[in-house]
Amino acid sequence: MTHRATGSRALSTGALARVEGEGAMRIEITDGRLVDVQLNIYEPPRFFEGFLRGRGYREPADITARICGICPVAYQMSACTAIEDALGVTVDGQLRALRHLLYCGEWIESHTLHIHFLHAPDFLGYDSAVEMAAAHRGAVERGLAVKKIGNGILETIGGRAIHPVNVKVGGFYRVPPRRELQPLRDQLERGHVLALEVVDFVAGLDFPDQEMGYELVAVAHPSEYPMLGDRVVSDRGLDISASAFLDHVQEHQVEHSTALHARLIQRGEYLVGPLARYSLNAAKLSPTAAAAAAGAGLGATCNNPFRSIVVRAVEVVHAFETAIALIDGYEQPDRPDVPVEARHGIGHGVTEAPRGLLYHRYEVDDDGLIADAVIIPPTSQNQATIEHDLFHFVEGHLELDDDELRRQAEVTIRNHDPCISCATHFLDLTVVRS
Amino acid sequence: MSTASKPSLAVWKFASCDGCQLTLLDCEDELLAVTERLDIAYFLEASSATVAGPYDLSLVEGSITTPEDVERIQEVRRQSRFLVTIGACATAGGIQALRNFSDVVELMRIVYATPAFLSTLSTSTAISEHVDVDFELRGCPIDRSQLLEVIGAYLAGRAPEIPSHSVCVDCKQKTNVCVMVAHGTPCLGPVTHAGCGALCPSFNRGCYGCFGPVESPNTDAMAGALAATGMTAGEIDRLFHTFNAWSEPFRDMSVSVAPPMTRQS
């Protein structure tokens with residue numbers, strides 16, 4: 001079906017592919033003018049915040065992991081951080097280092113999946129990584145090898161790659177002796193070399209010029225490129241503690257989506273994820289990641305969503321180098337967890353999921369049961385910005401026929417690696433031209 | 001890509017976290033070999049190209065929670081020669097089946113300001129409650145080796161060899177010290193289907209039942225043993241009612257006076 005922009009057109013497709021979870025996109029064009037763009041998320045609602053009420057304070061780490069099979073560690077980290085905050089417990093030293101190491105595994109696995117399976121085929125003109133493998137077998141096999149090493153971290157520390165079993169409020173169930181990490185370290189050295197090659201591979205792709213004016217928001221840590229942290233900052237002066245997050249961010253429901261939309265109060269839509277993390281923290285990258293970023297032509301900040309694939313590849317290098325340093329500095333702690341006792345409290349947790357800031361808030365009652373839970377995943381926060389990107393892109397490309405417009409609009413969405421399961425919720429494209 | 005000679009594979013998603021279909025992409029060493037034996041005809045998470053059915057092998061992830069999905073699973077069944085459900089959502093309704101014990105309108109109000117926009121059922125149910133299923137693979141998430149066994153068995157035209165004993169058997173085979181006997185750690189291993197490789201006890205943790213009930217579990221004796229470790233009735237209820245809450249023997253477990261999940265905040 002190929003209608004031109006000058007008329008009024010209607011177009012629809014099946015579900016959007018190569019995103020995690022399910023959703024649809026609707027574009028309305030009247031008399032050659034773009035009227036409306038909506039990212040429809042109709043992933044069936046699962047009501048996590050509802051059924052968490054009345055569960056024990058140790059349960060959200062395992063239950064909220066099931067919101068997303070691609071980034072379960074992010075859910076476990078934000079949940080534990082928030083509940084530890086509510087119960088007045090601090091997890092630091094080697095236990096924090098092990099959490100950081102586990103998180104490196106998830107960044108490597110999730111980013112490498114997105115780079116090779118979801119995003120690179122768009123730049124090279126394929127429908128899938130499997131199809132891409134016919135002409136780029138080496139690149140796909142390298143991606144699989146890197147992903148496997150990331151999963152190796154998750155399996156060694158967490159027990160398995162999807163829904164790890166070893167994370168608990170206060171620390172871990174079991175902490176590995178130092179010698180158990182040595183075989184992993186050898187693999188990480190190899191992964192680090194391969195990850196640097198991946199940066200070269202993605203830096204050579206063709207990127208359209210598209211500098212966007214988003215407000216960029218990320219977790220902040222005084223010295224680390226953020227995975228774990230307790231402050232939230234933006235490139236326009238926002239600088240708040242995790243506990244003030246809901247004073248500045250407002251979620252609202254829209255009719256076309258089961259994901260709630262988030263906005264900064266009196267500031268509007270914003271972006272979380274690799275572009276935000278990089279632009280706010282480029283100086284904190286590990287040495288080889290910083291050098292790889294410079295070599296790939298990234299400046300001090302990056303506002304081009306198409307180049308997010310390069311930022312992800314740089315973050316994978318950073319995760320490898322960080323993981324190796326964490327293992328080198330590791331000494332087995334005396335006990336696997338910090339003692340925790342139930343009491344009434346309200347706590348907040350912010351950590352950086354691969355797709356961006358993930359906020360959890362829990363109220364725990366005197367008996368240690370969850371009285372209230374709030375979860376704001378990265379894709380909810382980005383949805384308004386993704387719609388803004390889509391509007392901007394479609395408005396500038398109304399001359400394209402429907403098939404090409406649909407294809408490129410899907411690319412615009414995939415730039416942001418939306419995790420629709422995370423949004424606790426789905427993409428399918430409809431273009432209505434009337 | 002040729003479709004004439006190879007069987008076709010379709011992967012379907014209903015209400016779920018995507019983790020079980022991700023397990024297929026996590027077969028890093030085998031994935032390209034699998035695609036040499038099977039044509040990926042429909043797998044939205046991995047490919048924009050879709051081929052119309054019917055499909056030889058369908059893997060179905062997720063549970064049925066909306067009126068639309070009640071219809072869609074019928075169409076998936078019609079289009080599938082051999083249909084395998086993967087994971088706790090598809091085989092038992094998943095964590096979201098906690099709504100089955102609760103008032104879904106109340107749950108909607110907790111999460112959404114305008115529940116009227118939502119289209120949802122009051123229950124989350126397994127695929128087998130709606131259509132005939134040729135094989136069920138358990139787990140939250142499923143195990144990668146077991147998924148490869150199911151695909152390999154399908155290609156070889158034989159039944160998959162998936163053990164049906166309890167987690168305890170795997171634990172003994174791994175010569176783990178029993179966490180319940182030695183440390184008094186509550187563990188669902190005796191009533192839970194094997195498949196994880198006795199993962200939690202290997203990490204000094206009690207099994208939390210993510211592969212669902214073993215056939216004919218003695219849940220009453222299990223509840224008694226859990227109580228002897230000092231667990232409260234509410235804690236025992238919650239342990240049974242998590243990722244496989246709606247699977248038959250776990251569903252009816254209620255040792256506390258009040259049913260679980262009705263606590264008002």
# chains A, B, ... in the order shown; residues from 1 in each chain; ligands from 1
$ interface_residues --of "chain B" --to "chain A" --cutoff "7 Å" --atoms "only C-alpha atoms" --output "ChimeraX atom specification"
/B:15,17-19,28,44-49,65-66,96,98,107-108,110-113,117,141,199-200,203-205,261,263,265
$ write_last_selection --atoms "C-alpha atoms" --output "short mmCIF file (atom, residue, chain, number, x, y, z; two decimals), in the first residue's frame"
data_model
loop_
_atom_site.label_atom_id
_atom_site.label_comp_id
_atom_site.auth_asym_id
_atom_site.auth_seq_id
_atom_site.Cartn_x
_atom_site.Cartn_y
_atom_site.Cartn_z
CA ALA B 15 0.92 -11.63 29.32
CA CYS B 17 7.94 -10.68 31.05
CA ASP B 18 9.56 -11.87 27.74
CA GLY B 19 12.11 -13.88 29.72
CA GLU B 28 24.29 -18.28 22.19
CA LEU B 44 8.62 -10.51 16.80
CA GLU B 45 11.24 -10.01 19.48
CA ALA B 46 13.92 -11.17 17.02
CA SER B 47 12.66 -10.36 13.52
CA SER B 48 10.55 -7.80 11.62
CA ALA B 49 9.91 -10.33 8.82
CA THR B 65 -5.61 -12.03 30.77
CA THR B 66 -7.69 -10.09 28.20
CA GLN B 96 -0.17 -12.12 37.47
CA LEU B 98 -2.43 -13.43 41.96
CA LEU B 107 -6.02 -3.83 41.75
CA MET B 108 -6.77 -1.61 38.75
CA ILE B 110 -4.29 0.91 42.85
CA VAL B 111 -2.30 1.21 39.61
CA TYR B 112 -4.45 3.30 37.27
CA ALA B 113 -6.42 6.50 37.81
CA PHE B 117 -9.58 2.61 29.72
CA PRO B 141 12.02 -18.77 33.65
CA LEU B 199 19.66 -23.79 41.92
CA CYS B 200 18.46 -22.10 45.11
CA PHE B 203 23.10 -20.85 46.75
CA ASN B 204 22.20 -21.60 50.41
CA ARG B 205 18.63 -20.57 49.73
CA MET B 261 -4.08 -11.24 49.05
CA ARG B 263 -5.29 -7.50 53.05
CA SER B 265 -3.98 -1.15 52.87
#
$ residues_around --residues "segment 146-162 of chain B" --least-positions-apart "4" --cutoff "10 Å" --atoms "only C-alpha atoms" --output "count of residues only"
28
$ residues_around --residues "Trp107 of chain A" --least-positions-apart "5" --cutoff "8 Å" --atoms "only C-alpha atoms" --output "list in words"
Gly150, Glu315, Val316, Ala319, Ala353 and Pro354 of chain A
$ write_last_selection --atoms "N, CA and C atoms" --output "PDB file, in the first residue's frame"
ATOM      1  N   GLY A 150      28.563 -11.847  29.252  1.00  0.00           N
ATOM      2  CA  GLY A 150      27.738 -11.062  30.186  1.00  0.00           C
ATOM      3  C   GLY A 150      26.832 -11.972  30.998  1.00  0.00           C
ATOM      4  N   GLU A 315      29.271   1.720  26.561  1.00  0.00           N
ATOM      5  CA  GLU A 315      28.904   1.306  27.925  1.00  0.00           C
ATOM      6  C   GLU A 315      29.218  -0.171  28.169  1.00  0.00           C
ATOM      7  N   VAL A 316      29.174  -0.981  27.112  1.00  0.00           N
ATOM      8  CA  VAL A 316      29.537  -2.398  27.272  1.00  0.00           C
ATOM      9  C   VAL A 316      31.037  -2.505  27.597  1.00  0.00           C
ATOM     10  N   ALA A 319      31.431  -1.568  31.114  1.00  0.00           N
ATOM     11  CA  ALA A 319      30.962  -2.620  32.029  1.00  0.00           C
ATOM     12  C   ALA A 319      32.007  -3.728  32.155  1.00  0.00           C
ATOM     13  N   ALA A 353      18.795   0.902  35.068  1.00  0.00           N
ATOM     14  CA  ALA A 353      18.549  -0.234  34.188  1.00  0.00           C
ATOM     15  C   ALA A 353      19.248   0.066  32.855  1.00  0.00           C
ATOM     16  N   PRO A 354      19.550  -0.952  32.052  1.00  0.00           N
ATOM     17  CA  PRO A 354      20.191  -0.677  30.759  1.00  0.00           C
ATOM     18  C   PRO A 354      19.442   0.396  29.963  1.00  0.00           C
TER      19      PRO A 354
END
$ residues_around --residues "segment 242-254 of chain B" --least-positions-apart "3" --cutoff "10 Å" --atoms "only C-alpha atoms" --output "tab-separated table (two decimals) with N, CA and C atoms, in the first residue's frame"
chain	number	residue	atom	x	y	z
A	55	ARG	N	2.49	-8.41	50.68
A	55	ARG	CA	3.60	-9.38	50.59
A	55	ARG	C	4.69	-8.98	51.58
A	59	GLU	N	10.05	-10.07	49.49
A	59	GLU	CA	9.51	-10.61	48.23
A	59	GLU	C	9.64	-9.71	46.99
A	62	ASP	N	12.29	-10.65	44.17
A	62	ASP	CA	11.99	-11.75	43.24
A	62	ASP	C	10.74	-11.46	42.41
A	63	ILE	N	9.74	-10.85	43.03
A	63	ILE	CA	8.48	-10.63	42.30
A	63	ILE	C	8.67	-9.57	41.21
A	66	ARG	N	10.17	-10.25	37.78
A	66	ARG	CA	9.28	-10.83	36.76
A	66	ARG	C	8.56	-9.77	35.94
B	87	GLY	N	7.06	-21.80	30.15
B	87	GLY	CA	7.14	-20.95	31.33
B	87	GLY	C	5.91	-20.92	32.20
B	88	ALA	N	6.09	-20.40	33.41
B	88	ALA	CA	5.05	-20.42	34.44
B	88	ALA	C	3.81	-19.63	34.03
B	89	CYS	N	3.96	-18.52	33.25
B	89	CYS	CA	2.78	-17.76	32.84
B	89	CYS	C	1.90	-18.62	31.93
B	91	THR	N	2.01	-21.96	31.47
B	91	THR	CA	1.60	-23.26	32.00
B	91	THR	C	0.75	-23.14	33.26
B	92	ALA	N	0.78	-21.99	33.92
B	92	ALA	CA	0.06	-21.89	35.21
B	92	ALA	C	-0.58	-20.53	35.46
B	93	GLY	N	-0.46	-19.58	34.55
B	93	GLY	CA	-1.05	-18.24	34.77
B	93	GLY	C	-0.06	-17.22	35.30
B	94	GLY	N	1.09	-17.70	35.82
B	94	GLY	CA	2.17	-16.78	36.21
B	94	GLY	C	1.90	-15.98	37.46
B	95	ILE	N	2.82	-15.06	37.77
B	95	ILE	CA	2.69	-14.20	38.94
B	95	ILE	C	1.41	-13.36	38.85
B	96	GLN	N	1.02	-12.98	37.62
B	96	GLN	CA	-0.17	-12.12	37.47
B	96	GLN	C	-1.46	-12.86	37.82
B	97	ALA	N	-1.37	-14.21	38.03
B	97	ALA	CA	-2.56	-14.95	38.47
B	97	ALA	C	-2.88	-14.65	39.93
B	98	LEU	N	-2.06	-13.86	40.60
B	98	LEU	CA	-2.43	-13.43	41.96
B	98	LEU	C	-3.74	-12.65	41.94
B	99	ARG	N	-4.08	-12.07	40.76
B	99	ARG	CA	-5.35	-11.36	40.65
B	99	ARG	C	-6.54	-12.31	40.87
B	100	ASN	N	-6.31	-13.61	40.58
B	100	ASN	CA	-7.41	-14.59	40.68
B	100	ASN	C	-7.91	-14.73	42.12
B	101	PHE	N	-7.06	-14.34	43.07
B	101	PHE	CA	-7.41	-14.45	44.48
B	101	PHE	C	-7.93	-13.12	45.01
B	123	THR	N	-9.23	-12.78	35.64
B	123	THR	CA	-8.34	-13.91	35.91
B	123	THR	C	-7.15	-13.91	34.95
B	124	SER	N	-6.07	-14.55	35.38
B	124	SER	CA	-4.93	-14.86	34.51
B	124	SER	C	-4.85	-16.38	34.49
B	125	THR	N	-4.94	-16.98	33.30
B	125	THR	CA	-5.03	-18.45	33.23
B	125	THR	C	-4.03	-19.03	32.23
B	126	ALA	N	-3.74	-20.31	32.46
B	126	ALA	CA	-2.80	-21.03	31.61
B	126	ALA	C	-3.38	-21.24	30.21
B	138	ARG	N	8.00	-26.21	31.95
B	138	ARG	CA	7.81	-25.41	33.17
B	138	ARG	C	8.98	-24.47	33.44
B	139	GLY	N	8.74	-23.58	34.37
B	139	GLY	CA	9.83	-22.75	34.90
B	139	GLY	C	9.56	-21.27	34.83
B	140	CYS	N	10.11	-20.53	35.78
B	140	CYS	CA	10.01	-19.07	35.79
B	140	CYS	C	11.39	-18.50	36.08
B	141	PRO	N	12.24	-18.46	35.07
B	141	PRO	CA	12.02	-18.77	33.65
B	141	PRO	C	12.28	-20.24	33.35
B	191	VAL	N	8.09	-30.45	47.03
B	191	VAL	CA	6.83	-30.41	46.27
B	191	VAL	C	7.00	-29.73	44.91
B	208	TYR	N	11.92	-21.67	46.04
B	208	TYR	CA	10.68	-20.91	46.13
B	208	TYR	C	9.67	-21.31	45.07
B	209	GLY	N	9.87	-22.50	44.47
B	209	GLY	CA	8.80	-23.13	43.69
B	209	GLY	C	8.59	-22.58	42.30
B	210	CYS	N	9.63	-22.03	41.64
B	210	CYS	CA	9.37	-21.34	40.37
B	210	CYS	C	9.10	-22.31	39.21
B	211	PHE	N	9.38	-23.62	39.39
B	211	PHE	CA	9.00	-24.60	38.35
B	211	PHE	C	7.63	-25.22	38.64
B	212	GLY	N	6.94	-24.77	39.69
B	212	GLY	CA	5.59	-25.25	39.95
B	212	GLY	C	5.57	-26.62	40.59
B	213	PRO	N	4.35	-27.12	40.89
B	213	PRO	CA	4.24	-28.36	41.65
B	213	PRO	C	4.66	-29.60	40.86
B	214	VAL	N	5.31	-30.51	41.59
B	214	VAL	CA	5.59	-31.83	41.04
B	214	VAL	C	4.26	-32.59	41.01
B	215	GLU	N	4.17	-33.68	40.28
B	215	GLU	CA	2.92	-34.43	40.23
B	215	GLU	C	2.61	-35.02	41.62
B	216	SER	N	1.38	-34.93	42.07
B	216	SER	CA	0.93	-35.44	43.37
B	216	SER	C	1.81	-35.01	44.54
B	217	PRO	N	1.99	-33.73	44.76
B	217	PRO	CA	2.81	-33.28	45.89
B	217	PRO	C	2.04	-33.42	47.20
B	218	ASN	N	2.76	-33.72	48.28
B	218	ASN	CA	2.11	-33.76	49.60
B	218	ASN	C	2.21	-32.36	50.21
B	219	THR	N	1.29	-31.51	49.81
B	219	THR	CA	1.39	-30.11	50.22
B	219	THR	C	1.07	-29.92	51.71
B	220	ASP	N	0.21	-30.79	52.26
B	220	ASP	CA	-0.10	-30.64	53.69
B	220	ASP	C	1.13	-30.94	54.54
B	223	ALA	N	3.47	-28.08	54.26
B	223	ALA	CA	3.08	-26.93	55.07
B	223	ALA	C	3.45	-27.15	56.53
B	233	ALA	N	1.66	-18.73	59.28
B	233	ALA	CA	0.69	-19.22	58.28
B	233	ALA	C	0.66	-18.30	57.06
B	234	GLY	N	0.73	-17.00	57.29
B	234	GLY	CA	0.72	-16.05	56.18
B	234	GLY	C	1.93	-16.23	55.27
B	236	ILE	N	3.64	-18.99	54.86
B	236	ILE	CA	3.50	-20.25	54.12
B	236	ILE	C	2.54	-20.06	52.94
B	237	ASP	N	1.44	-19.38	53.19
B	237	ASP	CA	0.49	-19.10	52.10
B	237	ASP	C	1.17	-18.35	50.96
B	238	ARG	N	1.93	-17.35	51.32
B	238	ARG	CA	2.55	-16.53	50.27
B	238	ARG	C	3.59	-17.33	49.49
B	239	LEU	N	4.31	-18.23	50.19
B	239	LEU	CA	5.33	-19.02	49.50
B	239	LEU	C	4.69	-19.93	48.44
B	257	VAL	N	-6.20	-18.35	58.31
B	257	VAL	CA	-7.66	-18.22	58.35
B	257	VAL	C	-8.13	-17.35	57.20
B	258	ALA	N	-7.52	-16.20	57.08
B	258	ALA	CA	-7.90	-15.31	55.99
B	258	ALA	C	-7.20	-15.77	54.72
B	259	PRO	N	-7.90	-15.72	53.60
B	259	PRO	CA	-7.21	-16.06	52.35
B	259	PRO	C	-6.11	-15.04	52.07
B	260	PRO	N	-5.10	-15.42	51.32
B	260	PRO	CA	-4.03	-14.48	51.01
B	260	PRO	C	-4.55	-13.38	50.09
$ residues_around --residues "Glu269 of chain A" --least-positions-apart "2" --cutoff "10 Å" --atoms "only C-alpha atoms" --output "mmCIF file with N, CA and C atoms, in the first residue's frame"
data_model
loop_
_atom_site.group_PDB
_atom_site.id
_atom_site.type_symbol
_atom_site.label_atom_id
_atom_site.label_comp_id
_atom_site.auth_asym_id
_atom_site.auth_seq_id
_atom_site.Cartn_x
_atom_site.Cartn_y
_atom_site.Cartn_z
ATOM 1 N N TYR A 214 16.280 17.119 24.197
ATOM 2 C CA TYR A 214 15.662 16.532 25.374
ATOM 3 C C TYR A 214 16.287 17.070 26.657
ATOM 4 N N GLU A 215 15.506 17.092 27.740
ATOM 5 C CA GLU A 215 16.127 17.196 29.063
ATOM 6 C C GLU A 215 16.571 15.788 29.435
ATOM 7 N N LEU A 216 17.836 15.656 29.782
ATOM 8 C CA LEU A 216 18.423 14.331 30.015
ATOM 9 C C LEU A 216 18.525 14.078 31.504
ATOM 10 N N VAL A 249 8.444 14.236 39.672
ATOM 11 C CA VAL A 249 7.962 13.472 38.520
ATOM 12 C C VAL A 249 6.513 13.088 38.754
ATOM 13 N N HIS A 261 2.346 7.545 31.614
ATOM 14 C CA HIS A 261 3.337 8.509 31.116
ATOM 15 C C HIS A 261 3.898 9.321 32.274
ATOM 16 N N ALA A 262 5.202 9.556 32.258
ATOM 17 C CA ALA A 262 5.799 10.370 33.313
ATOM 18 C C ALA A 262 6.288 11.702 32.741
ATOM 19 N N ARG A 263 6.151 12.748 33.526
ATOM 20 C CA ARG A 263 6.691 14.059 33.145
ATOM 21 C C ARG A 263 7.302 14.713 34.364
ATOM 22 N N LEU A 264 8.290 15.578 34.132
ATOM 23 C CA LEU A 264 8.836 16.375 35.221
ATOM 24 C C LEU A 264 7.876 17.532 35.452
ATOM 25 N N ILE A 265 7.513 17.722 36.719
ATOM 26 C CA ILE A 265 6.547 18.761 37.032
ATOM 27 C C ILE A 265 7.105 20.115 36.606
ATOM 28 N N GLN A 266 6.336 20.885 35.890
ATOM 29 C CA GLN A 266 6.688 22.222 35.379
ATOM 30 C C GLN A 266 7.874 22.207 34.426
ATOM 31 N N ARG A 267 8.365 21.011 34.009
ATOM 32 C CA ARG A 267 9.477 20.983 33.057
ATOM 33 C C ARG A 267 9.097 20.171 31.833
ATOM 34 N N LEU A 271 14.219 12.508 28.962
ATOM 35 C CA LEU A 271 14.755 11.243 28.451
ATOM 36 C C LEU A 271 15.682 10.620 29.477
ATOM 37 N N GLN A 381 8.901 6.544 31.482
ATOM 38 C CA GLN A 381 9.463 7.887 31.528
ATOM 39 C C GLN A 381 9.781 8.388 30.126
ATOM 40 N N ASN A 382 10.174 7.466 29.235
ATOM 41 C CA ASN A 382 10.573 7.880 27.882
ATOM 42 C C ASN A 382 9.426 7.951 26.891
ATOM 43 N N GLN A 383 8.251 7.437 27.261
ATOM 44 C CA GLN A 383 7.213 7.288 26.233
ATOM 45 C C GLN A 383 6.813 8.625 25.602
ATOM 46 N N ALA A 384 6.673 9.662 26.409
ATOM 47 C CA ALA A 384 6.290 10.963 25.857
ATOM 48 C C ALA A 384 7.385 11.475 24.917
ATOM 49 N N THR A 385 8.649 11.243 25.282
ATOM 50 C CA THR A 385 9.761 11.697 24.447
ATOM 51 C C THR A 385 9.823 10.895 23.149
ATOM 52 N N ILE A 386 9.552 9.593 23.234
ATOM 53 C CA ILE A 386 9.553 8.774 22.018
ATOM 54 C C ILE A 386 8.455 9.271 21.066
ATOM 55 N N HIS A 388 7.331 12.268 20.932
ATOM 56 C CA HIS A 388 7.824 13.553 20.424
ATOM 57 C C HIS A 388 8.800 13.318 19.260
#
$ closest_residue --among "A:Thr81, A:Gln332, A:Asn304, A:Gln94" --to "Gly229 of chain A" --atoms "only C-alpha atoms"
A:Thr81
$ select_by_dssp --residues "segment 203-248 of chain B" --states "alpha helix (DSSP H)" --output "number ranges by chain"
B: 219-228, 233-240, 248
$ write_last_selection --atoms "N, CA and C atoms" --output "short mmCIF file (atom, residue, chain, number, x, y, z; two decimals), in the first residue's frame"
data_model
loop_
_atom_site.label_atom_id
_atom_site.label_comp_id
_atom_site.auth_asym_id
_atom_site.auth_seq_id
_atom_site.Cartn_x
_atom_site.Cartn_y
_atom_site.Cartn_z
N THR B 219 1.29 -31.51 49.81
CA THR B 219 1.39 -30.11 50.22
C THR B 219 1.07 -29.92 51.71
N ASP B 220 0.21 -30.79 52.26
CA ASP B 220 -0.10 -30.64 53.69
C ASP B 220 1.13 -30.94 54.54
N ALA B 221 1.82 -32.04 54.22
CA ALA B 221 3.05 -32.36 54.96
C ALA B 221 4.08 -31.26 54.77
N MET B 222 4.13 -30.71 53.56
CA MET B 222 5.08 -29.61 53.28
C MET B 222 4.75 -28.41 54.16
N ALA B 223 3.47 -28.08 54.26
CA ALA B 223 3.08 -26.93 55.07
C ALA B 223 3.45 -27.15 56.53
N GLY B 224 3.29 -28.39 57.01
CA GLY B 224 3.66 -28.70 58.39
C GLY B 224 5.15 -28.53 58.61
N ALA B 225 5.94 -29.02 57.68
CA ALA B 225 7.40 -28.90 57.80
C ALA B 225 7.84 -27.45 57.74
N LEU B 226 7.15 -26.65 56.92
CA LEU B 226 7.49 -25.22 56.83
C LEU B 226 7.15 -24.52 58.15
N ALA B 227 6.00 -24.90 58.73
CA ALA B 227 5.61 -24.30 60.01
C ALA B 227 6.64 -24.64 61.09
N ALA B 228 7.19 -25.86 61.02
CA ALA B 228 8.18 -26.28 62.02
C ALA B 228 9.47 -25.46 61.92
N ALA B 233 1.66 -18.73 59.28
CA ALA B 233 0.69 -19.22 58.28
C ALA B 233 0.66 -18.30 57.06
N GLY B 234 0.73 -17.00 57.29
CA GLY B 234 0.72 -16.05 56.18
C GLY B 234 1.93 -16.23 55.27
N GLU B 235 3.08 -16.46 55.90
CA GLU B 235 4.30 -16.65 55.09
C GLU B 235 4.22 -17.93 54.26
N ILE B 236 3.64 -18.99 54.86
CA ILE B 236 3.50 -20.25 54.12
C ILE B 236 2.54 -20.06 52.94
N ASP B 237 1.44 -19.38 53.19
CA ASP B 237 0.49 -19.10 52.10
C ASP B 237 1.17 -18.35 50.96
N ARG B 238 1.93 -17.35 51.32
CA ARG B 238 2.55 -16.53 50.27
C ARG B 238 3.59 -17.33 49.49
N LEU B 239 4.31 -18.23 50.19
CA LEU B 239 5.33 -19.02 49.50
C LEU B 239 4.69 -19.93 48.44
N PHE B 240 3.55 -20.54 48.78
CA PHE B 240 2.84 -21.36 47.79
C PHE B 240 2.22 -20.50 46.69
N GLU B 248 -2.84 -26.24 40.12
CA GLU B 248 -3.87 -26.92 40.93
C GLU B 248 -3.52 -27.18 42.39
#
$ residues_around --residues "segment 337-340 of chain A" --least-positions-apart "5" --cutoff "12 Å" --atoms "only C-alpha atoms" --output "PyMOL selection string"
chain A and resi 57-58+80+83-96+98-99+166-175+332+368
$ select_by_dssp --residues "segment 90-265 of chain B" --states "strand (DSSP E or B)" --output "list in words"
Thr125, Phe135, Glu136, Leu137, Ser166, Thr192, His193 and Pro213 of chain B
$ write_last_selection --atoms "N, CA and C atoms" --output "CSV table (one decimal), in the first residue's frame"
chain,number,residue,atom,x,y,z
B,125,THR,N,-4.9,-17.0,33.3
B,125,THR,CA,-5.0,-18.4,33.2
B,125,THR,C,-4.0,-19.0,32.2
B,135,PHE,N,2.7,-29.9,24.5
B,135,PHE,CA,3.7,-30.1,25.5
B,135,PHE,C,3.8,-28.9,26.4
B,136,GLU,N,4.0,-29.1,27.7
B,136,GLU,CA,4.2,-27.9,28.6
B,136,GLU,C,5.6,-27.9,29.2
B,137,LEU,N,6.4,-26.8,29.0
B,137,LEU,CA,7.7,-26.7,29.6
B,137,LEU,C,7.6,-25.7,30.8
B,166,SER,N,11.0,-34.4,41.8
B,166,SER,CA,11.1,-33.1,42.5
B,166,SER,C,12.5,-32.5,42.6
B,192,THR,N,8.3,-29.4,44.6
B,192,THR,CA,8.5,-28.6,43.3
B,192,THR,C,9.1,-29.4,42.2
B,193,HIS,N,8.6,-29.2,41.0
B,193,HIS,CA,9.0,-29.9,39.8
B,193,HIS,C,10.5,-29.5,39.5
B,213,PRO,N,4.4,-27.1,40.9
B,213,PRO,CA,4.2,-28.4,41.7
B,213,PRO,C,4.7,-29.6,40.9
$ residues_around --residues "segment 195-201 of chain A" --least-positions-apart "4" --cutoff "6 Å" --atoms "only C-alpha atoms" --output "MDAnalysis selection string"
chainID A and resid 191 313 317
$ write_last_selection --atoms "N, CA and C atoms" --output "tab-separated table (two decimals), in the first residue's frame"
chain	number	residue	atom	x	y	z
A	191	GLY	N	36.15	-10.82	26.63
A	191	GLY	CA	34.96	-10.02	26.31
A	191	GLY	C	35.32	-8.55	26.10
A	313	ALA	N	27.43	0.51	22.95
A	313	ALA	CA	28.66	-0.27	22.77
A	313	ALA	C	29.76	0.23	23.69
A	317	VAL	N	31.85	-1.71	26.91
A	317	VAL	CA	33.29	-1.69	27.22
A	317	VAL	C	33.49	-1.28	28.67
$ atom_distance --atom1 "atom CA of Thr120 of chain B" --atom2 "atom CA of Ser16 of chain B"
14.3 Å
$ closest_atom_pairs --of "segment 319-368 of chain A" --to "segment 233-246 of chain A" --cutoff "7 Å" --atoms "only C-alpha atoms" --output "tab-separated table"
residue	atom	partner	partner_atom	distance
A:His348	CA	A:Ser243	CA	5.4
A:Gly349	CA	A:Ala242	CA	6.3
A:Val350	CA	A:Ala242	CA	6.1
$ write_last_selection --atoms "C-alpha atoms" --output "CSV table (one decimal), in the first residue's frame"
chain,number,residue,atom,x,y,z
A,348,HIS,CA,13.2,5.0,47.7
A,349,GLY,CA,15.5,3.3,45.3
A,350,VAL,CA,17.0,4.6,42.0
